[in-house]
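Structure data (mmCIF, C-alpha atoms) from run27.cif:
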```cif
data_query
loop_
_atom_site.label_atom_id
_atom_site.label_comp_id
_atom_site.auth_asym_id
_atom_site.auth_seq_id
_atom_site.Cartn_x
_atom_site.Cartn_y
_atom_site.Cartn_z
CA MET A 1 10.92 -18.05 2.62
CA LEU A 2 9.10 -17.76 -0.67
CA SER A 3 8.74 -14.42 -2.35
CA ILE A 4 5.24 -14.57 -3.79
CA TYR A 5 3.76 -12.31 -6.45
CA CYS A 6 0.22 -11.22 -5.53
CA PRO A 7 -1.72 -10.59 -8.76
CA HIS A 8 -4.14 -8.27 -6.93
CA CYS A 9 -1.52 -6.09 -5.23
CA GLY A 10 0.76 -6.33 -8.25
CA GLU A 11 3.99 -6.92 -6.35
CA HIS A 12 6.08 -9.55 -4.63
CA ARG A 13 5.63 -10.05 -0.91
CA GLU A 14 7.03 -12.32 1.76
CA GLU A 15 5.48 -15.73 2.33
CA GLU A 16 4.63 -14.61 5.88
CA GLU A 17 1.73 -12.57 4.49
CA PHE A 18 0.17 -15.53 2.68
CA HIS A 19 -1.57 -18.77 3.57
CA PRO A 20 -1.64 -21.85 1.35
CA LYS A 21 -5.13 -23.23 0.91
CA GLY A 22 -4.41 -26.54 -0.77
CA GLN A 23 -5.07 -27.95 -4.20
CA ALA A 24 -6.69 -25.62 -6.74
CA HIS A 25 -9.43 -26.30 -9.29
CA ILE A 26 -11.53 -28.56 -7.08
CA VAL A 27 -15.04 -28.28 -8.44
CA ARG A 28 -17.92 -28.72 -6.04
CA PRO A 29 -20.49 -31.14 -7.49
CA LEU A 30 -23.40 -29.14 -8.90
CA ASP A 31 -25.96 -31.42 -7.29
CA PRO A 32 -24.53 -32.82 -4.04
CA GLU A 33 -27.80 -34.67 -3.28
CA SER A 34 -27.37 -36.94 -6.27
CA CYS A 35 -23.71 -37.76 -5.59
CA SER A 36 -22.78 -41.26 -4.55
CA ASP A 37 -20.88 -41.55 -1.27
CA LYS A 38 -17.78 -42.32 -3.27
CA GLU A 39 -18.10 -39.21 -5.45
CA TRP A 40 -18.79 -36.98 -2.46
CA GLY A 41 -15.93 -38.49 -0.46
CA GLN A 42 -13.66 -37.99 -3.45
CA TYR A 43 -14.63 -34.32 -3.63
CA LEU A 44 -14.37 -33.74 0.10
CA TYR A 45 -11.30 -35.65 1.21
CA PHE A 46 -9.07 -36.77 -1.63
CA ARG A 47 -6.23 -34.53 -2.75
CA LYS A 48 -3.22 -34.91 -4.99
CA ASN A 49 0.17 -35.30 -3.39
CA THR A 50 2.20 -34.41 -6.43
CA ARG A 51 5.91 -34.64 -6.90
CA GLY A 52 6.58 -31.87 -9.41
CA LEU A 53 4.15 -29.25 -10.63
CA HIS A 54 1.22 -28.59 -8.34
CA HIS A 55 -1.61 -26.10 -8.91
CA GLU A 56 -2.59 -24.67 -5.57
CA LEU A 57 -4.76 -22.03 -3.98
CA TRP A 58 -3.23 -19.27 -1.87
CA VAL A 59 -4.68 -16.31 -0.01
CA HIS A 60 -2.95 -12.99 0.64
CA ALA A 61 -4.11 -13.16 4.23
CA ALA A 62 -2.30 -10.16 5.72
CA GLY A 63 -2.52 -8.07 2.55
CA CYS A 64 -5.50 -7.70 0.24
CA ARG A 65 -7.17 -10.90 1.57
CA LYS A 66 -7.86 -12.14 -1.96
CA PHE A 67 -7.44 -15.69 -3.26
CA PHE A 68 -5.40 -16.64 -6.31
CA ASN A 69 -3.70 -19.68 -7.84
CA ILE A 70 -0.06 -20.65 -7.94
CA THR A 71 1.67 -23.35 -9.98
CA ARG A 72 4.54 -24.50 -7.81
CA ASP A 73 7.16 -27.19 -8.21
CA THR A 74 6.97 -29.26 -5.04
CA VAL A 75 10.52 -30.51 -5.56
CA SER A 76 12.34 -27.20 -6.04
CA TYR A 77 9.64 -24.96 -4.48
CA GLU A 78 9.97 -22.77 -7.56
CA ILE A 79 6.81 -20.82 -8.35
CA ARG A 80 6.28 -21.28 -12.07
CA GLU A 81 3.15 -19.20 -12.50
CA VAL A 82 0.63 -17.06 -10.62
CA TYR A 83 -2.87 -16.70 -12.06
CA LEU A 84 -6.29 -15.47 -11.00
CA ILE A 85 -9.25 -17.50 -9.82
CA GLY A 86 -11.30 -18.58 -12.83
CA GLU A 87 -8.27 -18.75 -15.11
CA GLN A 88 -6.62 -21.95 -16.28
CA PRO A 89 -2.90 -22.57 -15.76
CA SER A 90 -0.68 -22.15 -18.78
CA VAL A 91 2.14 -24.16 -17.19
CA THR A 92 0.95 -27.75 -16.75
CA SER A 93 2.65 -30.97 -15.72
CA ASP A 94 2.45 -32.42 -19.22
CA ARG A 95 4.42 -29.63 -20.74
CA ALA A 96 6.98 -29.65 -17.94
CA GLN A 97 7.80 -33.30 -18.58
CA SER A 98 8.47 -32.84 -22.27
CA MET B 1 -46.01 -10.44 7.53
CA SER B 2 -48.22 -8.60 5.08
CA ASN B 3 -48.30 -5.32 6.94
CA LEU B 4 -44.54 -4.76 7.13
CA ASN B 5 -45.08 -1.59 5.15
CA GLU B 6 -47.37 -0.28 7.84
CA SER B 7 -44.92 -0.76 10.70
CA GLY B 8 -44.66 2.98 11.21
CA LEU B 9 -41.08 3.26 9.97
CA ASN B 10 -40.14 6.29 7.99
CA PRO B 11 -40.40 5.06 4.36
CA ALA B 12 -37.11 6.72 3.52
CA ALA B 13 -35.45 4.73 6.30
CA GLN B 14 -36.83 1.41 5.13
CA GLY B 15 -34.28 -0.79 3.49
CA LYS B 16 -31.46 1.37 4.84
CA ALA B 17 -29.12 0.22 7.56
CA ALA B 18 -29.38 1.87 10.95
CA VAL B 19 -26.49 4.25 11.56
CA MET B 20 -25.27 4.80 15.10
CA LYS B 21 -23.55 7.91 16.31
CA GLN B 22 -20.56 6.33 18.00
CA ILE B 23 -19.12 9.50 19.49
CA PRO B 24 -21.76 11.20 21.62
CA ASP B 25 -22.14 14.99 21.62
CA ASP B 26 -22.20 15.02 25.41
CA ALA B 27 -18.63 15.76 26.50
CA ALA B 28 -19.37 14.16 29.88
CA VAL B 29 -19.51 10.75 28.19
CA ARG B 30 -15.95 9.48 28.36
CA ALA B 31 -14.42 8.00 25.23
CA GLU B 32 -11.31 5.83 25.53
CA SER B 33 -8.90 5.27 22.68
CA PRO B 34 -7.23 1.83 22.38
CA LEU B 35 -4.13 3.33 24.04
CA HIS B 36 -6.04 5.14 26.76
CA HIS B 37 -4.53 3.00 29.52
CA ILE B 38 -0.92 4.06 28.81
CA ASP B 39 -1.78 7.74 28.95
CA LEU B 40 0.37 9.01 26.07
CA PRO B 41 -0.40 12.71 26.74
CA SER B 42 1.37 12.49 30.11
CA MET B 43 4.51 11.20 28.34
CA ALA B 44 4.46 13.89 25.67
CA GLY B 45 7.29 16.38 25.80
CA LYS B 46 9.25 14.60 28.54
CA GLN B 47 12.00 13.65 26.15
CA LYS B 48 13.00 16.20 23.56
CA ASP B 49 15.35 14.45 21.13
CA GLY B 50 15.34 11.01 19.66
CA GLY B 51 15.35 9.01 16.47
CA ILE B 52 11.65 8.16 16.63
CA TYR B 53 8.69 10.45 17.22
CA LEU B 54 5.36 8.75 17.96
CA LYS B 55 1.84 10.02 18.35
CA GLU B 56 -1.58 8.47 18.38
CA LEU B 57 -4.30 9.90 16.18
CA ALA B 58 -7.19 8.87 18.40
CA PHE B 59 -10.95 9.03 17.72
CA VAL B 60 -10.63 9.19 13.96
CA GLY B 61 -13.57 7.79 11.98
CA HIS B 62 -12.65 4.55 10.20
CA LEU B 63 -15.04 3.50 7.44
CA SER B 64 -14.50 0.32 5.46
CA LEU B 65 -16.07 0.67 2.05
CA ARG B 66 -16.58 -2.22 -0.30
CA CYS B 67 -18.01 -1.56 -3.74
CA ASP B 68 -17.40 -2.25 -7.42
CA GLN B 69 -14.60 -0.24 -8.98
CA LYS B 70 -16.18 -0.81 -12.40
CA ASN B 71 -19.43 0.86 -11.30
CA ALA B 72 -19.04 4.48 -12.49
CA GLU B 73 -22.15 5.60 -10.60
CA GLN B 74 -20.75 4.36 -7.29
CA LEU B 75 -17.38 5.98 -7.97
CA SER B 76 -18.96 9.35 -8.70
CA THR B 77 -21.19 9.09 -5.61
CA VAL B 78 -18.13 8.49 -3.44
CA LYS B 79 -16.45 11.49 -5.00
CA GLU B 80 -19.52 13.59 -4.37
CA ILE B 81 -19.70 12.55 -0.69
CA LEU B 82 -16.00 12.74 0.18
CA GLY B 83 -14.80 15.27 -2.35
CA LEU B 84 -12.10 12.76 -3.20
CA GLU B 85 -11.87 9.94 -5.72
CA LEU B 86 -11.35 6.32 -4.71
CA PRO B 87 -7.78 5.28 -5.53
CA LEU B 88 -8.15 2.50 -8.10
CA GLN B 89 -4.45 1.77 -8.50
CA PRO B 90 -3.36 -1.01 -6.12
CA LEU B 91 -1.45 0.10 -2.99
CA THR B 92 -2.17 3.80 -3.41
CA SER B 93 -4.05 6.42 -1.42
CA ASN B 94 -5.90 9.66 -2.08
CA THR B 95 -5.97 12.30 0.61
CA ASN B 96 -6.99 15.83 1.36
CA ASP B 97 -6.80 17.78 4.62
CA GLN B 98 -9.83 15.96 6.09
CA VAL B 99 -10.22 12.61 4.36
CA GLN B 100 -7.76 9.79 3.65
CA ILE B 101 -8.73 6.91 1.38
CA ARG B 102 -6.49 3.85 1.33
CA TRP B 103 -6.65 1.09 -1.27
CA MET B 104 -7.05 -2.19 0.63
CA SER B 105 -7.98 -4.63 -2.12
CA PRO B 106 -9.56 -4.36 -5.59
CA ASP B 107 -13.00 -3.93 -4.00
CA GLU B 108 -12.20 -2.50 -0.58
CA TRP B 109 -11.04 0.88 0.70
CA LEU B 110 -10.32 2.19 4.18
CA ILE B 111 -11.60 5.73 4.56
CA THR B 112 -10.62 7.83 7.55
CA VAL B 113 -12.47 11.02 8.36
CA PRO B 114 -12.44 13.42 11.33
CA GLY B 115 -14.19 11.70 14.25
CA ASP B 116 -16.91 14.32 14.56
CA ARG B 117 -17.84 13.97 10.89
CA THR B 118 -18.12 10.17 10.86
CA PHE B 119 -21.83 10.04 11.62
CA GLU B 120 -22.66 12.64 9.00
CA ILE B 121 -20.55 10.95 6.30
CA GLU B 122 -21.90 7.49 7.08
CA GLY B 123 -25.40 8.93 6.81
CA LEU B 124 -24.56 10.46 3.43
CA PHE B 125 -23.41 7.07 2.15
CA ARG B 126 -26.63 5.42 3.31
CA GLU B 127 -28.63 8.14 1.64
CA LYS B 128 -26.83 8.46 -1.69
CA MET B 129 -24.94 5.28 -2.48
CA THR B 130 -26.62 2.99 -5.00
CA GLY B 131 -26.18 -0.62 -5.99
CA HIS B 132 -24.42 -3.41 -4.15
CA TYR B 133 -22.02 -2.00 -1.58
CA SER B 134 -21.07 -2.27 2.06
CA LEU B 135 -19.94 0.38 4.50
CA VAL B 136 -18.81 -0.60 7.98
CA ASN B 137 -17.84 1.81 10.72
CA GLY B 138 -14.84 0.24 12.45
CA SER B 139 -13.78 3.36 14.35
CA GLY B 140 -13.94 1.69 17.75
CA GLY B 141 -11.84 -1.25 16.65
CA GLN B 142 -8.83 0.56 15.25
CA THR B 143 -6.47 3.38 15.98
CA ILE B 144 -3.75 5.22 14.07
CA LEU B 145 -0.14 5.70 15.10
CA GLU B 146 2.06 8.19 13.36
CA VAL B 147 5.76 7.41 13.55
CA ARG B 148 8.39 9.72 12.16
CA GLY B 149 12.00 10.67 12.68
CA PRO B 150 15.46 10.08 11.22
CA SER B 151 15.49 6.43 12.36
CA VAL B 152 11.94 5.53 11.36
CA VAL B 153 12.97 3.30 8.45
CA ASP B 154 15.43 1.43 10.69
CA LEU B 155 12.64 0.90 13.22
CA LEU B 156 10.20 -0.41 10.64
CA LYS B 157 12.82 -2.73 9.17
CA LYS B 158 12.64 -4.63 12.44
CA CYS B 159 8.86 -4.84 12.28
CA VAL B 160 7.62 -5.43 8.74
CA PRO B 161 8.58 -7.78 5.87
CA VAL B 162 8.11 -5.21 3.10
CA ASP B 163 10.72 -3.26 1.18
CA LEU B 164 10.88 0.23 2.72
CA HIS B 165 13.29 1.83 0.27
CA SER B 166 11.74 4.99 -1.10
CA SER B 167 12.04 3.67 -4.67
CA GLU B 168 9.80 0.74 -3.71
CA PHE B 169 7.77 2.45 -1.00
CA PRO B 170 7.24 6.07 -2.04
CA GLY B 171 5.12 8.62 -0.19
CA GLY B 172 1.40 7.88 -0.45
CA LYS B 173 1.87 4.14 -0.90
CA VAL B 174 -0.33 1.94 1.29
CA VAL B 175 0.59 -1.59 2.28
CA SER B 176 -1.32 -3.92 4.54
CA THR B 177 1.09 -6.39 6.01
CA THR B 178 2.22 -8.00 9.21
CA PHE B 179 3.75 -5.71 11.82
CA ALA B 180 5.63 -7.78 14.39
CA LYS B 181 3.27 -10.62 13.41
CA ALA B 182 0.20 -8.48 14.11
CA GLY B 183 -1.65 -6.84 11.23
CA ALA B 184 -1.16 -3.22 10.22
CA VAL B 185 -2.02 -0.94 7.33
CA ILE B 186 1.06 1.16 6.69
CA ARG B 187 1.09 4.35 4.66
CA ARG B 188 4.14 6.44 3.94
CA LEU B 189 3.47 10.11 4.53
CA ASP B 190 6.88 11.36 3.47
CA GLU B 191 10.51 10.28 3.49
CA GLN B 192 10.71 10.09 7.29
CA SER B 193 7.16 9.52 8.43
CA PHE B 194 4.72 6.65 8.31
CA GLU B 195 1.22 6.04 9.54
CA LEU B 196 0.08 2.70 10.98
CA VAL B 197 -3.55 1.70 11.23
CA ILE B 198 -3.66 -0.97 13.91
CA ARG B 199 -6.29 -3.11 15.61
CA ARG B 200 -7.56 -2.18 19.05
CA SER B 201 -6.78 -5.67 20.35
CA PHE B 202 -3.15 -5.39 19.20
CA ALA B 203 -2.65 -1.74 20.22
CA ASP B 204 -1.04 -2.50 23.58
CA TYR B 205 1.21 -5.20 22.11
CA ILE B 206 2.34 -2.91 19.28
CA TRP B 207 2.99 -0.09 21.75
CA LEU B 208 5.20 -2.40 23.83
CA TRP B 209 6.92 -3.62 20.67
CA ILE B 210 7.62 -0.10 19.38
CA GLN B 211 8.99 0.95 22.75
CA ASP B 212 11.37 -1.98 22.73
CA ALA B 213 12.35 -1.65 19.08
CA SER B 214 13.00 2.08 19.30
CA GLN B 215 15.07 1.93 22.48
CA GLU B 216 18.34 2.18 20.54
CA PHE B 217 17.15 5.27 18.63
CA GLY B 218 15.38 7.11 21.47
CA LEU B 219 11.59 7.41 21.53
CA VAL B 220 9.86 10.77 21.83
CA ILE B 221 6.11 10.89 22.42
CA GLU B 222 4.29 13.74 20.74
CA GLN B 223 0.86 15.06 21.41
#
```

Full structure transcribed into structure tokens:
Amino acid sequence: MLSIYCPHCGEHREEEEFHPKGQAHIVRPLDPESCSDKEWGQYLYFRKNTRGLHHELWVHAAGCRKFFNITRDTVSYEIREVYLIGEQPSVTSDRAQS
Amino acid sequence: MSNLNESGLNPAAQGKAAVMKQIPDDAAVRAESPLHHIDLPSMAGKQKDGGIYLKELAFVGHLSLRCDQKNAEQLSTVKEILGLELPLQPLTSNTNDQVQIRWMSPDEWLITVPGDRTFEIEGLFREKMTGHYSLVNGSGGQTILEVRGPSVVDLLKKCVPVDLHSSEFPGGKVVSTTFAKAGAVIRRLDEQSFELVIRRSFADYIWLWIQDASQEFGLVIEQ
């Protein structure tokens, strides 16, 4: 079980209370009508399957029901950082490799 | 479309949500709490001693308020209506002898008021509250269980994944979490008593669960 820090509640809770919602920072095209099929398909279906640091979206489903971002190492499962929606991660893959 | 303003509605009522009085004045109209079918009052007092004391606080008014905690006007309106400030610190509650306000999320609070005052208080919100907000009366969908006793922490340890030690979970703290995989809003009243706000649809399941989990401590039903 992961012990996850909820930035809205301000404390660590059990993984049982949370749901993962997949890759974070996926930007919806501003004008879907003018997207090519490839661009739209890319937005809708294609996700990273990273080995190493992964920025992902989680929701505190049984708690405050708010969304937030987590940077997690998919190898060790270690949570490197928790940050709010709208913020950019300070721990990125590039830095981790150096 | 053009004569909407002439529809005969009271102008003051236009643009305001309709508020329903959920508990009728007529005592002949039967109201059933989510645990009506197990008839807790008939079990009350049968057993005198035990590690767990349980009672249902039925027919309490549950109001879910969502508004902006940075909007000073909304905050002061809430204080004016309830006589109590919204708790802005995460996982805290503010209470007086009539009203309990629980922090649910940064923009949501669960307010409980005496059942017979729900209609009046909901009306006051509709009348006075300004700006973008939402108030939902969920009284029929929830109920409150109060559990207390020397073994209450041991009971809850079997049910919830949160740290119940009084240094981490002091009196007044509110936590919404999973209770035996169902949802519950748990508030600590004092060292040996907690209050659970549970869903109507899970009330029977949680009752069965509590009975089973408290078997080793002895369960006393209170009225």

- Selected residue, from A:Ser3, A:Thr74, A:Asn69, A:Ser36, that lies nearest to chain B when counting only C-alpha atoms: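 Residue with the minimum atom-to-atom distance to chain B: A:Ser3.
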
Would you tabulate, counting all atoms listed in the file, all residues of chain B that have an atom at most 10 Å from an atom of chain A, showing the closest pair of atoms and their distance in Å to one decimal, sorted by chain then ascending number, as JSON lines?
```
{"residue": "B:Gln89", "atom": "CA", "partner": "A:Cys9", "partner_atom": "CA", "distance": 9.0}
{"residue": "B:Pro90", "atom": "CA", "partner": "A:Cys9", "partner_atom": "CA", "distance": 5.5}
{"residue": "B:Leu91", "atom": "CA", "partner": "A:Cys9", "partner_atom": "CA", "distance": 6.6}
{"residue": "B:Trp103", "atom": "CA", "partner": "A:Cys64", "partner_atom": "CA", "distance": 9.0}
{"residue": "B:Met104", "atom": "CA", "partner": "A:Cys64", "partner_atom": "CA", "distance": 5.7}
{"residue": "B:Ser105", "atom": "CA", "partner": "A:Cys64", "partner_atom": "CA", "distance": 4.6}
{"residue": "B:Pro106", "atom": "CA", "partner": "A:His8", "partner_atom": "CA", "distance": 6.8}
{"residue": "B:Asp107", "atom": "CA", "partner": "A:Cys64", "partner_atom": "CA", "distance": 9.4}
{"residue": "B:Glu108", "atom": "CA", "partner": "A:Cys64", "partner_atom": "CA", "distance": 8.5}
{"residue": "B:Val160", "atom": "CA", "partner": "A:Glu14", "partner_atom": "CA", "distance": 9.8}
{"residue": "B:Pro161", "atom": "CA", "partner": "A:Glu14", "partner_atom": "CA", "distance": 6.3}
{"residue": "B:Val162", "atom": "CA", "partner": "A:Arg13", "partner_atom": "CA", "distance": 6.8}
{"residue": "B:Asp163", "atom": "CA", "partner": "A:Arg13", "partner_atom": "CA", "distance": 8.7}
{"residue": "B:Glu168", "atom": "CA", "partner": "A:Glu11", "partner_atom": "CA", "distance": 10.0}
{"residue": "B:Val175", "atom": "CA", "partner": "A:Gly63", "partner_atom": "CA", "distance": 7.2}
{"residue": "B:Ser176", "atom": "CA", "partner": "A:Gly63", "partner_atom": "CA", "distance": 4.8}
{"residue": "B:Thr177", "atom": "CA", "partner": "A:Ala62", "partner_atom": "CA", "distance": 5.1}
{"residue": "B:Thr178", "atom": "CA", "partner": "A:Ala62", "partner_atom": "CA", "distance": 6.1}
{"residue": "B:Phe179", "atom": "CA", "partner": "A:Ala62", "partner_atom": "CA", "distance": 9.7}
{"residue": "B:Lys181", "atom": "CA", "partner": "A:Glu16", "partner_atom": "CA", "distance": 8.6}
{"residue": "B:Ala182", "atom": "CA", "partner": "A:Ala62", "partner_atom": "CA", "distance": 8.9}
{"residue": "B:Gly183", "atom": "CA", "partner": "A:Ala62", "partner_atom": "CA", "distance": 6.5}
{"residue": "B:Ala184", "atom": "CA", "partner": "A:Ala62", "partner_atom": "CA", "distance": 8.3}
{"residue": "B:Val185", "atom": "CA", "partner": "A:Gly63", "partner_atom": "CA", "distance": 8.6}
```

Residues of the last selection are to be written out with C-alpha atoms, as a PDB file, in the frame of the given file.
```pdb
ATOM      1  CA  GLN B  89      -4.450   1.770  -8.500  1.00  0.00           C
ATOM      2  CA  PRO B  90      -3.360  -1.010  -6.120  1.00  0.00           C
ATOM      3  CA  LEU B  91      -1.450   0.100  -2.990  1.00  0.00           C
ATOM      4  CA  TRP B 103      -6.650   1.090  -1.270  1.00  0.00           C
ATOM      5  CA  MET B 104      -7.050  -2.190   0.630  1.00  0.00           C
ATOM      6  CA  SER B 105      -7.980  -4.630  -2.120  1.00  0.00           C
ATOM      7  CA  PRO B 106      -9.560  -4.360  -5.590  1.00  0.00           C
ATOM      8  CA  ASP B 107     -13.000  -3.930  -4.000  1.00  0.00           C
ATOM      9  CA  GLU B 108     -12.200  -2.500  -0.580  1.00  0.00           C
ATOM     10  CA  VAL B 160       7.620  -5.430   8.740  1.00  0.00           C
ATOM     11  CA  PRO B 161       8.580  -7.780   5.870  1.00  0.00           C
ATOM     12  CA  VAL B 162       8.110  -5.210   3.100  1.00  0.00           C
ATOM     13  CA  ASP B 163      10.720  -3.260   1.180  1.00  0.00           C
ATOM     14  CA  GLU B 168       9.800   0.740  -3.710  1.00  0.00           C
ATOM     15  CA  VAL B 175       0.590  -1.590   2.280  1.00  0.00           C
ATOM     16  CA  SER B 176      -1.320  -3.920   4.540  1.00  0.00           C
ATOM     17  CA  THR B 177       1.090  -6.390   6.010  1.00  0.00           C
ATOM     18  CA  THR B 178       2.220  -8.000   9.210  1.00  0.00           C
ATOM     19  CA  PHE B 179       3.750  -5.710  11.820  1.00  0.00           C
ATOM     20  CA  LYS B 181       3.270 -10.620  13.410  1.00  0.00           C
ATOM     21  CA  ALA B 182       0.200  -8.480  14.110  1.00  0.00           C
ATOM     22  CA  GLY B 183      -1.650  -6.840  11.230  1.00  0.00           C
ATOM     23  CA  ALA B 184      -1.160  -3.220  10.220  1.00  0.00           C
ATOM     24  CA  VAL B 185      -2.020  -0.940   7.330  1.00  0.00           C
TER      25      VAL B 185
END
```

- Item | Test item: which residues lie within 12 Å of (-21.0, 9.2, 20.2) counting only C-alpha atoms, as a list of chain:residue names |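 Nearby residues: B:Val19, B:Met20, B:Lys21, B:Gln22, B:Ile23, B:Pro24, B:Asp25, B:Asp26, B:Ala27, B:Ala28, B:Val29, B:Arg30, B:Ala31, B:Glu32, B:Phe59, B:Gly61, B:Gly115, B:Asp116, B:Arg117, B:Thr118, B:Phe119, B:Glu120, B:Ser139, B:Gly140.
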
Quick one: write out the picked residues with C-alpha atoms as a short mmCIF file (atom, residue, chain, number, x, y, z; two decimals), in the frame of the given file?
```cif
data_model
loop_
_atom_site.label_atom_id
_atom_site.label_comp_id
_atom_site.auth_asym_id
_atom_site.auth_seq_id
_atom_site.Cartn_x
_atom_site.Cartn_y
_atom_site.Cartn_z
CA VAL B 19 -26.49 4.25 11.56
CA MET B 20 -25.27 4.80 15.10
CA LYS B 21 -23.55 7.91 16.31
CA GLN B 22 -20.56 6.33 18.00
CA ILE B 23 -19.12 9.50 19.49
CA PRO B 24 -21.76 11.20 21.62
CA ASP B 25 -22.14 14.99 21.62
CA ASP B 26 -22.20 15.02 25.41
CA ALA B 27 -18.63 15.76 26.50
CA ALA B 28 -19.37 14.16 29.88
CA VAL B 29 -19.51 10.75 28.19
CA ARG B 30 -15.95 9.48 28.36
CA ALA B 31 -14.42 8.00 25.23
CA GLU B 32 -11.31 5.83 25.53
CA PHE B 59 -10.95 9.03 17.72
CA GLY B 61 -13.57 7.79 11.98
CA GLY B 115 -14.19 11.70 14.25
CA ASP B 116 -16.91 14.32 14.56
CA ARG B 117 -17.84 13.97 10.89
CA THR B 118 -18.12 10.17 10.86
CA PHE B 119 -21.83 10.04 11.62
CA GLU B 120 -22.66 12.64 9.00
CA SER B 139 -13.78 3.36 14.35
CA GLY B 140 -13.94 1.69 17.75
#
```

- Message: Need the shell around A:His54: protein/DNA/RNA residues with any atom at most 8 Å away, counting all atoms listed in the file. Skip same-chain ones fewer than 2 positions apart. Format as a list in words?
- Response: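 Using all atoms listed in the file, the neighbours found are Gln23, Thr50, Arg51, Gly52, Glu56, Thr71, Arg72, Asp73, Thr74 and Ser93 of chain A.
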
- If you apply the PyMOL selection byres ((chain B and resi 199) around 9) to this file, what residues do you get, as a count of residues only? 14

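This file gives the following result for the PyMOL selection byres ((chain B and resi 79-87) around 9): Gln69, Gln74, Leu75, Ser76, Thr77, Val78, Leu88, Gln89, Pro90, Leu91, Thr92, Ser93, Asn94, Thr95, Asn96, Val99, Gln100, Ile101, Arg102, Trp103, Trp109, Ile121, Leu124, Phe125 and Lys128 of chain B.
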
- Task: Check which residues satisfy the PyMOL selection byres ((chain A and resi 89) around 12) in the file shown, then give them as a ChimeraX atom specification.
- Result: /A:24-25,53-57,68-72,80-88,90-95

- Contact residues around B:Gly171 with only C-alpha atoms at 10 Å, ignoring same-chain residues under 6 positions, as a list in words: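 Selected residues are Thr92, Ser93, Arg187, Arg188, Leu189, Asp190, Glu191, Gln192, Ser193 and Phe194 of chain B.
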
- Task: Could you tell me how far atom CA of B:Glu216 lies from atom CA of B:His36, in Å and to one decimal?
- Result: 25.3 Å

- Restricting the calculation to only C-alpha atoms, which member of A:Ser76, A:Pro20, A:Phe46, A:Lys38 is positioned closest to A:Ile4?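 Using only C-alpha atoms, the shortest distance to A:Ile4 belongs to A:Pro20.
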
- For the point (2.5, 15.2, 20.1) in the file's frame, write as a PyMOL selection string all residues with an atom no more than 12 Å away, counting only C-alpha atoms. chain B and resi 40-48+53-58+145-148+220-223

- Item | Among listed residues B:Cys67, B:Ile38, B:Val174, B:Ile52, nearest B:Thr130 (using all atoms listed in the file) | B:Cys67

- Could you name the residues that touch B:Ser214 at 9 Å or less, counting all atoms listed in the file, but leaving out those on the same chain fewer than 4 positions away, as a list in words?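 So, after excluding close chain neighbours, the residues are Gly51, Ile52, Ser151, Val152, Asp154, Leu155, Trp209, Ile210, Gly218 and Leu219 of chain B.
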
- Task: Tell me, in Å to one decimal, how far atom CA of B:Thr112 is from atom CA of B:Arg126.
- Result: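 Separation between atom CA of B:Thr112 and atom CA of B:Arg126: 16.7 Å.
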
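Of note, atom CA of B:Tyr205 and atom CA of B:Leu35 are spaced 10.2 Å apart.
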
Name the residues in contact with stretch 156-158 of chain B at a cut-off of 8 Å, using all atoms listed in the file, excluding same-chain residues fewer than 4 positions from it; report them as a PDB file with C-alpha atoms, keeping the file's coordinate frame.
```pdb
ATOM      1  CA  VAL B 152      11.940   5.530  11.360  1.00  0.00           C
ATOM      2  CA  LEU B 164      10.880   0.230   2.720  1.00  0.00           C
ATOM      3  CA  ALA B 180       5.630  -7.780  14.390  1.00  0.00           C
ATOM      4  CA  ALA B 213      12.350  -1.650  19.080  1.00  0.00           C
TER       5      ALA B 213
END
```

- Which of these residues is nearest to A:Leu30, using only C-alpha atoms: A:Phe67, A:Tyr43, A:Trp58, A:Tyr5? A:Tyr43
